[in-house]
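File shown here: data-v2.txt, holding compact mmCIF, C-alpha atoms.
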# COMPACT_ATOMS: atom_id res chain seq x y z
CA MET A 1 -26.15 13.81 -19.42
CA ARG A 2 -22.66 12.73 -20.55
CA ASP A 3 -22.75 14.51 -23.90
CA SER A 4 -19.55 16.60 -24.04
CA LEU A 5 -15.96 15.40 -24.39
CA SER A 6 -12.47 16.87 -24.21
CA VAL A 7 -9.59 15.10 -25.93
CA VAL A 8 -6.20 16.12 -24.49
CA ILE A 9 -3.28 15.44 -26.84
CA SER A 10 0.26 15.72 -25.48
CA ALA A 11 2.76 16.74 -28.15
CA TYR A 12 6.51 17.26 -27.96
CA ASN A 13 8.30 17.72 -31.28
CA GLU A 14 5.45 16.01 -33.14
CA GLY A 15 5.16 18.46 -36.03
CA GLU A 16 5.20 15.59 -38.52
CA SER A 17 2.25 13.86 -36.84
CA VAL A 18 -0.27 16.46 -35.67
CA GLU A 19 -1.97 16.97 -39.04
CA ALA A 20 -2.47 13.24 -39.62
CA LEU A 21 -3.68 12.83 -36.04
CA HIS A 22 -6.15 15.70 -36.41
CA LYS A 23 -7.57 14.12 -39.54
CA GLU A 24 -8.16 10.83 -37.71
CA LEU A 25 -9.64 12.57 -34.66
CA VAL A 26 -12.13 14.57 -36.73
CA LYS A 27 -13.21 11.42 -38.54
CA VAL A 28 -13.96 9.74 -35.21
CA CYS A 29 -15.31 12.63 -33.16
CA LYS A 30 -17.85 13.93 -35.70
CA ASP A 31 -19.68 10.58 -35.50
CA LEU A 32 -19.80 10.44 -31.70
CA PRO A 33 -23.22 10.75 -30.03
CA LEU A 34 -22.23 14.01 -28.33
CA LYS A 35 -23.47 17.58 -28.32
CA ASN A 36 -19.97 19.00 -28.19
CA TYR A 37 -16.33 18.02 -28.19
CA GLU A 38 -13.01 19.85 -28.05
CA LEU A 39 -9.50 18.86 -29.09
CA ILE A 40 -6.88 20.29 -26.75
CA PHE A 41 -3.36 20.11 -28.17
CA VAL A 42 -0.74 20.59 -25.46
CA ASP A 43 2.56 21.72 -26.94
CA ASP A 44 5.11 20.66 -24.32
CA GLY A 45 7.80 23.17 -25.23
CA SER A 46 8.44 21.71 -28.68
CA LYS A 47 11.49 22.88 -30.61
CA ASP A 48 10.07 22.06 -34.03
CA ASP A 49 6.98 23.43 -35.82
CA THR A 50 4.42 21.58 -33.67
CA TYR A 51 2.87 24.79 -32.32
CA ALA A 52 2.76 26.50 -35.72
CA LYS A 53 0.99 23.53 -37.29
CA CYS A 54 -1.52 23.39 -34.43
CA ARG A 55 -2.32 27.07 -34.97
CA LYS A 56 -2.91 26.44 -38.68
CA LEU A 57 -5.23 23.57 -37.86
CA GLN A 58 -7.08 25.80 -35.41
CA GLN A 59 -7.94 28.21 -38.21
CA LYS A 60 -9.76 25.40 -40.00
CA ASP A 61 -11.32 23.70 -36.97
CA ALA A 62 -13.03 25.65 -34.17
CA HIS A 63 -12.99 22.56 -31.95
CA ILE A 64 -9.23 22.93 -31.46
CA LYS A 65 -7.81 24.59 -28.35
CA ILE A 66 -4.06 24.94 -27.76
CA VAL A 67 -2.12 24.99 -24.52
CA ARG A 68 1.48 26.04 -25.11
CA LEU A 69 3.89 25.32 -22.27
CA ARG A 70 6.76 27.79 -22.11
CA ARG A 71 9.32 24.99 -21.88
CA ASN A 72 9.42 21.22 -21.82
CA PHE A 73 7.88 20.28 -18.47
CA GLY A 74 7.48 16.60 -19.31
CA HIS A 75 4.65 14.32 -20.35
CA GLU A 76 2.97 14.12 -16.93
CA ILE A 77 2.76 17.90 -16.52
CA ALA A 78 1.59 18.29 -20.13
CA MET A 79 -1.37 16.01 -19.40
CA THR A 80 -2.05 17.95 -16.21
CA ALA A 81 -2.10 21.25 -18.11
CA GLY A 82 -4.52 19.86 -20.67
CA MET A 83 -6.72 18.52 -17.88
CA ASP A 84 -6.78 21.96 -16.21
CA TYR A 85 -8.16 23.60 -19.35
CA ALA A 86 -10.55 20.80 -20.37
CA LYS A 87 -14.25 21.65 -20.14
CA GLY A 88 -15.89 18.37 -21.19
CA GLU A 89 -17.84 16.05 -18.92
CA ALA A 90 -15.17 13.46 -19.67
CA VAL A 91 -11.56 13.74 -20.79
CA VAL A 92 -9.68 11.39 -23.10
CA PHE A 93 -5.88 11.53 -22.81
CA MET A 94 -3.64 10.47 -25.67
CA ASP A 95 -0.26 11.09 -27.30
CA ALA A 96 0.25 12.79 -30.64
CA ASP A 97 2.40 10.09 -32.26
CA LEU A 98 -0.61 8.01 -33.43
CA GLN A 99 0.41 5.07 -31.28
CA HIS A 100 -2.85 5.70 -29.44
CA PRO A 101 -5.30 5.00 -32.30
CA PRO A 102 -8.20 7.52 -32.22
CA VAL A 103 -10.61 4.83 -33.46
CA TYR A 104 -10.82 3.46 -29.89
CA ILE A 105 -12.32 6.72 -28.62
CA LYS A 106 -15.72 5.66 -29.98
CA GLU A 107 -15.64 2.54 -27.81
CA MET A 108 -14.49 4.55 -24.80
CA VAL A 109 -17.38 6.98 -25.15
CA LYS A 110 -19.82 4.09 -25.54
CA TYR A 111 -18.79 2.54 -22.22
CA TRP A 112 -18.73 5.95 -20.55
CA GLN A 113 -22.28 6.72 -21.62
CA GLU A 114 -23.32 3.28 -20.35
CA GLY A 115 -22.14 4.29 -16.87
CA MET A 116 -18.41 3.59 -16.68
CA ASP A 117 -16.52 6.42 -14.94
CA ILE A 118 -13.07 5.34 -16.14
CA VAL A 119 -12.18 3.53 -19.36
CA LEU A 120 -8.60 2.29 -19.55
CA THR A 121 -6.73 0.76 -22.45
CA LYS A 122 -4.39 -2.22 -22.26
CA ARG A 123 -1.65 -2.52 -24.85
CA VAL A 124 -1.61 -6.19 -25.90
CA GLU A 125 1.08 -5.55 -28.52
CA ASN A 126 3.41 -2.69 -29.36
CA LYS A 127 4.73 -2.84 -32.91
CA ALA A 128 7.19 -0.01 -32.25
CA THR A 129 9.18 -1.70 -29.47
CA SER A 130 11.62 -4.59 -29.26
CA LYS A 131 11.45 -7.69 -27.10
CA VAL A 132 14.16 -6.23 -24.88
CA TYR A 133 12.07 -3.09 -24.27
CA ASP A 134 8.98 -5.17 -23.52
CA PHE A 135 10.94 -7.25 -21.02
CA CYS A 136 12.31 -4.13 -19.32
CA ALA A 137 8.79 -2.68 -19.08
CA TRP A 138 7.52 -5.95 -17.56
CA ALA A 139 10.39 -5.96 -15.04
CA PHE A 140 9.76 -2.29 -14.19
CA TYR A 141 6.13 -2.89 -13.25
CA LYS A 142 7.07 -5.97 -11.24
CA VAL A 143 9.58 -3.95 -9.20
CA LEU A 144 7.27 -0.93 -8.98
CA ASN A 145 4.31 -2.90 -7.65
CA PHE A 146 6.55 -4.83 -5.25
CA LEU A 147 7.84 -1.57 -3.75
CA SER A 148 4.64 0.45 -4.07
CA ASP A 149 1.61 0.55 -1.79
CA THR A 150 -0.55 1.35 -4.84
CA ASN A 151 -0.92 -1.30 -7.53
CA ILE A 152 -0.39 0.14 -11.00
CA PRO A 153 -1.50 -2.20 -13.82
CA ALA A 154 1.11 -3.03 -16.44
CA LYS A 155 0.63 -2.24 -20.14
CA THR A 156 -1.99 0.43 -19.39
CA PRO A 157 -0.70 3.63 -21.03
CA ASP A 158 -2.10 7.11 -20.52
CA PHE A 159 -4.58 6.52 -23.36
CA ARG A 160 -7.78 6.57 -21.30
CA LEU A 161 -11.10 8.26 -20.60
CA ILE A 162 -11.87 9.79 -17.20
CA ASP A 163 -15.22 11.16 -16.05
CA ARG A 164 -15.48 14.75 -14.84
CA LYS A 165 -15.89 13.87 -11.16
CA PHE A 166 -12.53 12.08 -11.17
CA ILE A 167 -10.95 14.85 -13.24
CA ASP A 168 -11.98 17.37 -10.59
CA PHE A 169 -10.54 15.09 -7.92
CA LEU A 170 -7.21 14.65 -9.74
CA LYS A 171 -6.89 18.42 -10.14
CA GLN A 172 -6.48 18.68 -6.37
CA PHE A 173 -3.06 16.97 -6.53
CA ASN A 174 -0.08 19.31 -6.85
CA GLU A 175 2.93 16.98 -6.92
CA HIS A 176 5.59 18.12 -9.36
CA ASP A 177 7.18 14.72 -10.03
CA ARG A 178 3.96 12.86 -10.67
CA LEU A 179 2.96 9.60 -12.24
CA PHE A 180 -0.47 10.28 -13.67
CA ARG A 181 -1.54 6.64 -13.96
CA GLY A 182 -0.38 6.09 -10.37
CA LEU A 183 -2.57 8.92 -9.06
CA LEU A 184 -5.50 7.48 -10.97
CA SER A 185 -4.86 3.98 -9.61
CA TRP A 186 -4.78 5.43 -6.08
CA ALA A 187 -8.24 6.97 -6.56
CA MET A 188 -9.80 4.45 -8.95
CA PRO A 189 -13.13 2.80 -8.08
CA ASN A 190 -13.48 -0.97 -8.34
CA ASP A 191 -16.91 -1.18 -9.92
CA LYS A 192 -17.01 1.42 -12.73
CA VAL A 193 -13.84 0.74 -14.66
CA LYS A 194 -13.63 -0.80 -18.13
CA VAL A 195 -10.49 -1.95 -19.92
CA ILE A 196 -10.16 -2.03 -23.72
CA ASP A 197 -7.42 -4.08 -25.39
CA PHE A 198 -5.61 -2.42 -28.28
CA VAL A 199 -2.57 -2.86 -30.51
CA ALA A 200 -0.15 0.06 -30.65
CA PRO A 201 1.01 0.59 -34.26
CA GLU A 202 4.36 1.93 -35.39
CA ARG A 203 4.98 5.63 -34.79
CA PHE A 204 3.67 7.76 -37.64
CA ALA A 205 6.93 9.73 -37.77
CA GLY A 206 10.05 10.45 -35.75
CA CYS A 207 11.23 8.49 -32.73
CA SER A 208 10.19 8.13 -29.12
CA LYS A 209 11.04 11.10 -26.89
CA TYR A 210 11.42 8.83 -23.87
CA ASN A 211 15.10 7.97 -23.81
CA PHE A 212 16.76 5.74 -21.21
CA ARG A 213 17.50 8.63 -18.84
CA LYS A 214 13.90 9.89 -18.86
CA SER A 215 12.57 6.36 -18.41
CA LEU A 216 14.89 5.73 -15.45
CA THR A 217 13.91 9.06 -13.86
CA LEU A 218 10.23 8.20 -14.26
CA ALA A 219 10.84 4.78 -12.70
CA LEU A 220 12.61 6.26 -9.66
CA ASN A 221 9.95 8.97 -9.23
CA SER A 222 7.20 6.37 -9.48
CA ILE A 223 8.67 4.27 -6.67
CA VAL A 224 9.37 7.22 -4.37
CA GLN A 225 5.95 8.82 -4.92
CA PHE A 226 3.81 5.87 -3.98
CA SER A 227 5.67 4.07 -1.22
CA THR A 228 8.03 4.28 1.74
CA LYS A 229 8.98 0.64 1.29
CA PRO A 230 12.50 1.50 0.07
CA LEU A 231 13.13 3.14 3.45
CA ARG A 232 11.89 0.04 5.25
CA LEU A 233 13.99 -2.16 2.98
CA SER A 234 17.04 -0.08 3.87
CA ILE A 235 16.40 -0.96 7.53
CA TYR A 236 16.26 -4.65 6.65
CA LEU A 237 19.43 -4.26 4.61
CA GLY A 238 21.15 -2.67 7.59
CA LEU A 239 20.02 -5.51 9.85
CA LEU A 240 21.24 -8.06 7.30
CA THR A 241 24.69 -6.48 7.09
CA ALA A 242 24.88 -6.36 10.88
CA LEU A 243 24.02 -10.06 11.00
CA LEU A 244 26.60 -10.93 8.33
CA SER A 245 29.22 -8.85 10.13
CA GLY A 246 28.42 -10.68 13.37
CA ILE A 247 28.72 -14.06 11.67
CA LEU A 248 32.02 -13.02 10.10
CA GLY A 249 33.29 -11.89 13.49
CA LEU A 250 32.33 -15.20 15.10
CA TRP A 251 34.00 -17.09 12.25
CA VAL A 252 37.25 -15.15 12.75
CA ILE A 253 37.17 -15.93 16.49
CA VAL A 254 36.51 -19.65 15.89
CA GLU A 255 39.17 -19.82 13.19
CA HIS A 256 41.74 -18.10 15.39
CA PHE A 257 41.17 -19.76 18.78
CA VAL A 258 39.58 -23.12 17.90
CA MET A 259 41.00 -24.03 14.51
CA LYS A 260 44.34 -22.30 15.23
CA GLN A 261 44.34 -20.83 11.71
CA PRO A 262 44.48 -17.03 11.97
CA THR A 263 42.71 -15.26 9.08
CA PRO A 264 44.85 -12.75 7.13
CA GLY A 265 43.70 -9.42 8.55
CA TYR A 266 44.04 -7.08 5.58
CA ALA A 267 41.75 -8.97 3.20
CA THR A 268 39.09 -9.50 5.86
CA ILE A 269 39.12 -5.88 6.96
CA MET A 270 39.00 -4.47 3.43
CA THR A 271 36.16 -6.77 2.37
CA THR A 272 34.12 -5.85 5.44
CA VAL A 273 34.76 -2.11 5.12
CA ILE A 274 33.86 -2.02 1.41
CA PHE A 275 30.71 -4.08 1.97
CA ILE A 276 29.41 -2.02 4.87
CA GLY A 277 30.44 1.24 3.15
CA SER A 278 28.49 0.27 0.03
CA VAL A 279 25.39 -0.50 2.08
CA GLN A 280 25.65 2.86 3.84
CA LEU A 281 25.88 4.69 0.52
CA ILE A 282 22.81 2.84 -0.80
CA VAL A 283 20.81 3.68 2.31
CA LEU A 284 21.92 7.34 2.23
CA GLY A 285 20.97 7.49 -1.46
CA ILE A 286 17.46 6.22 -0.70
CA ILE A 287 17.03 8.72 2.13
CA GLY A 288 18.42 11.47 -0.11
CA GLU A 289 15.80 10.74 -2.79
CA TYR A 290 12.98 11.26 -0.30
CA ILE A 291 14.55 14.38 1.20
CA GLY A 292 15.11 15.77 -2.29
CA LYS A 293 11.45 15.27 -3.18
CA ILE A 294 10.40 17.02 0.03
CA HIS A 295 12.78 19.89 -0.74
CA MET A 296 11.25 20.42 -4.18
CA GLU A 297 7.62 20.07 -3.09
CA VAL A 298 7.72 22.43 -0.08
CA LYS A 299 8.73 25.33 -2.32
CA GLY A 300 5.18 25.38 -3.65
CA ARG A 301 6.18 26.46 -7.17
CA PRO A 302 3.56 26.41 -9.95
CA LEU A 303 3.45 23.18 -11.93
CA TYR A 304 3.87 24.96 -15.26
CA ILE A 305 3.59 28.24 -17.12
CA ALA A 306 1.53 28.25 -20.28
CA GLU A 307 -0.51 30.31 -22.71
CA TYR A 308 -3.97 29.20 -23.77
CA ASN A 309 -5.31 29.74 -27.30
CA GLU A 310 -9.03 29.05 -27.26
CA LYS A 311 -9.61 30.14 -30.83
CA ALA A 312 -7.72 31.20 -33.92
CA GLU A 313 -6.83 34.86 -34.37
CA LYS A 314 -7.18 36.87 -37.55
CA ASN A 315 -3.45 37.52 -37.85
CA ASP A 316 -2.56 33.82 -37.67
CA LYS A 317 -0.93 32.58 -40.81

Show the structure stored in the file as structure tokens.
Amino acid sequence: MRDSLSVVISAYNEGESVEALHKELVKVCKDLPLKNYELIFVDDGSKDDTYAKCRKLQQKDAHIKIVRLRRNFGHEIAMTAGMDYAKGEAVVFMDADLQHPPVYIKEMVKYWQEGMDIVLTKRVENKATSKVYDFCAWAFYKVLNFLSDTNIPAKTPDFRLIDRKFIDFLKQFNEHDRLFRGLLSWAMPNDKVKVIDFVAPERFAGCSKYNFRKSLTLALNSIVQFSTKPLRLSIYLGLLTALLSGILGLWVIVEHFVMKQPTPGYATIMTTVIFIGSVQLIVLGIIGEYIGKIHMEVKGRPLYIAEYNEKAEKNDK
């Protein structure tokens, strides 16, 4: 019937934003043509008052559910936890910083009820980022899609609606270092997907929690998760260095015996050794990344540990 919706909101140190976000969400959701909706706030191990403010909001609004992760597991796992507890026939994922405007949920639900199983958003402008950041993001997706066997569209954040049948399918994946939008791209149908353009406003408060280190880690995980091309490229790199070494060797022979101009040995040897040694370290690093991922995954540890608050308690203040 497509008449119930879960909205999963990932929040990490967003105590300044959750109340304003809740106000916007209620304004939108109460006018949706649905029998029921729930707002699932996922507190990803926040160190500020995010959880306390969510509990206060829950006392006023019975639609609010809270998933509290025991520590900061990261944005991808926070979305996974929210998805695990969601009960709606479709799930909307969004961040708590108000850069994913709730007003677009109405359009998402409209397309979903018309038959679309997945409704994505495409960020045509981000008022909170610089030109340098936008260029880096563009370059990242170019490299990612070149190295990946799964095409992941650029400028499509995790602000999206997914139908229950795809939610149930995604719940079967247990990777720890996951890229949620990559998993969805891997499973996405071609005929029942709609894309909505939107403009991301400035953050309501605070600053982005994705620093350079986290962004780089996500980039490396994304490449390793969806492709073995780096391993194949390391083979090509090895072949290239072997070819260059062979050419250099032939040049030394020609220079010594034909041109009668012996090449100084020390410089040639050091250049060759450093070059080949660098290539070996790169190749070993690539192999190590894959082995490291295998090492972490085969342990079979739970993705997260969390407590679930389905409703407010009388002793909540």

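For the atom pair formed by atom CA of A:Phe173 and atom CA of A:Leu231, the distance is 23.5 Å, given to one decimal.
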
(request) Between A:Ala52, A:Ala20, A:Ile64, A:Ala81, single out the one closest to A:Lys311, counting only C-alpha atoms. (result) A:Ile64

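Nearest residue to A:Lys155 among A:Asp95, A:Asp177, A:Asp84, A:Glu125 is A:Glu125, counting all atoms listed in the file.
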
(request) Within 10 Å of A:Asp48, counting only C-alpha atoms, which residues show up once you throw out same-chain ones fewer than 5 positions away? Write them as a ChimeraX atom specification, please. (result) /A:12-16,53

Please produce an output containing C-alpha atoms for each residue in the selection, written as a compact mmCIF listing (two decimals), in the frame of the given file.
# COMPACT_ATOMS: atom_id res chain seq x y z
CA TYR A 12 6.51 17.26 -27.96
CA ASN A 13 8.30 17.72 -31.28
CA GLU A 14 5.45 16.01 -33.14
CA GLY A 15 5.16 18.46 -36.03
CA GLU A 16 5.20 15.59 -38.52
CA LYS A 53 0.99 23.53 -37.29

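The spacing separating atom CA of A:Ser10 from atom CA of A:Arg203 amounts to 14.5 Å.
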
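Closest approach to A:Met94 among A:Phe169, A:Tyr304, A:Phe73, A:Phe41 is made by A:Phe41 (distances from only C-alpha atoms).
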